[in-house]
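In what follows, a single structure is set out as structure tokens and then discussed.
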Amino acid sequence: MEGANGLMTAEMVHTFLTDAQALPPAREELNADYFTALVARARAGDEFAFEQIMLATEQRVVSIAWRLLGSREDARDAAQDVYLRVFKYLARFRPGEDFRAWLYRITVNVCHDLARKKRTSGLAQFTEIDLVEATAVQETVHPGTDPESHALQEQRLALVRCALQSLPAKERAALVLRDLEGFSTEEVAQALGSRPVTVRSQVSSARAKIKSYCDKLTSGGQH
């Protein structure tokens, strides 16, 4: 049962949260040995090496931040903060540790901090009211697009974004890294400083909550 629900939810989330025009394709990962050498040079103060690390990882960082925060503008702000923290604390990075896992852990923490600041400052996140307003605005049809198909696509997109933002922070991070970014369970655990069994539990719970959230709102809208 969990497998079927997980597959359906993962496909649904991936379909409606992936915007090929909004996010450039990820760069190919650098050779592991070369990347390790870049990190060593950056730790020694080589600014060019640090720039190369940024170029190799920035698209992934922005992608994770966008999906965690639900806003491209917030994602760009978060990415800037991520690399400021990486630069500040690079000397603390332990050789032999997985640099990308360390980087993505910083990314998740920065996003959590930014989301917390927005909540305490009263800036709204997605709510069911936002969903109604969003779908109403998105009824505007783009030229050449079938009106009914366009409206349905936009409603589903808004719905899943709302569902994703409704998740607890740790479950949202686990789901984003596992289902949207395509990390393995072990890679997610490493990036979150957790255990694989915990990640599996978080992802399973997140998938079930998204499905329940979407089912509740879609069934409610049919009555």
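Here, A, B, ... name the chains of the structure tokens in the order displayed, residue numbers run from 1 inside each chain, and ligands are numbered from 1 in the same displayed order.
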Report task. Write out as a ChimeraX atom specification all residues of stretch 159-199 of chain A that DSSP puts in helix (DSSP H, G or I) for this structure's backbone. Result -> /A:159-165,169-180,185-192,196-199
Report task. Considering only C-alpha atoms, return as an NGL selection string whatever protein or nucleic-acid residues lie within 7 Å of A:Ala163, sequence-local ones (same chain, fewer than 5 positions apart) excluded. Result -> :A and (210 or 213-214)
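For the residues A:Val110, A:Ala42, A:Ala174, A:Ala158, ranking by smallest atom-to-atom distance to A:Phe87 using only C-alpha atoms places A:Ala42 first.
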Report task. Can you work out the spacing between atom CA of A:Ala173 and atom CA of A:Leu192 in Å, to one decimal? Result ->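 Separating atom CA of A:Ala173 from atom CA of A:Leu192 is a distance of 8.2 Å.
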**Report entry** Residue with smallest distance to A:Ala65 - pool A:Glu187, A:Asp98, A:Glu181, A:Asp33, counting only C-alpha atoms
**Finding:** A:Glu181
Requested in this report: Choose the residue, out of A:Cys111, A:Leu55, A:Ala91, A:Ala40, that has the smallest atom-to-atom separation from A:Arg76; count only C-alpha atoms.
Outcome: A:Cys111
Query raised in the report: Nearest to A:Ala191: which of A:Ala151, A:Leu69, A:Met54, A:Ala101 is it, counting only C-alpha atoms?
Result: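 Comparing A:Ala151, A:Leu69, A:Met54, A:Ala101 against A:Ala191, the winner is A:Ala101.
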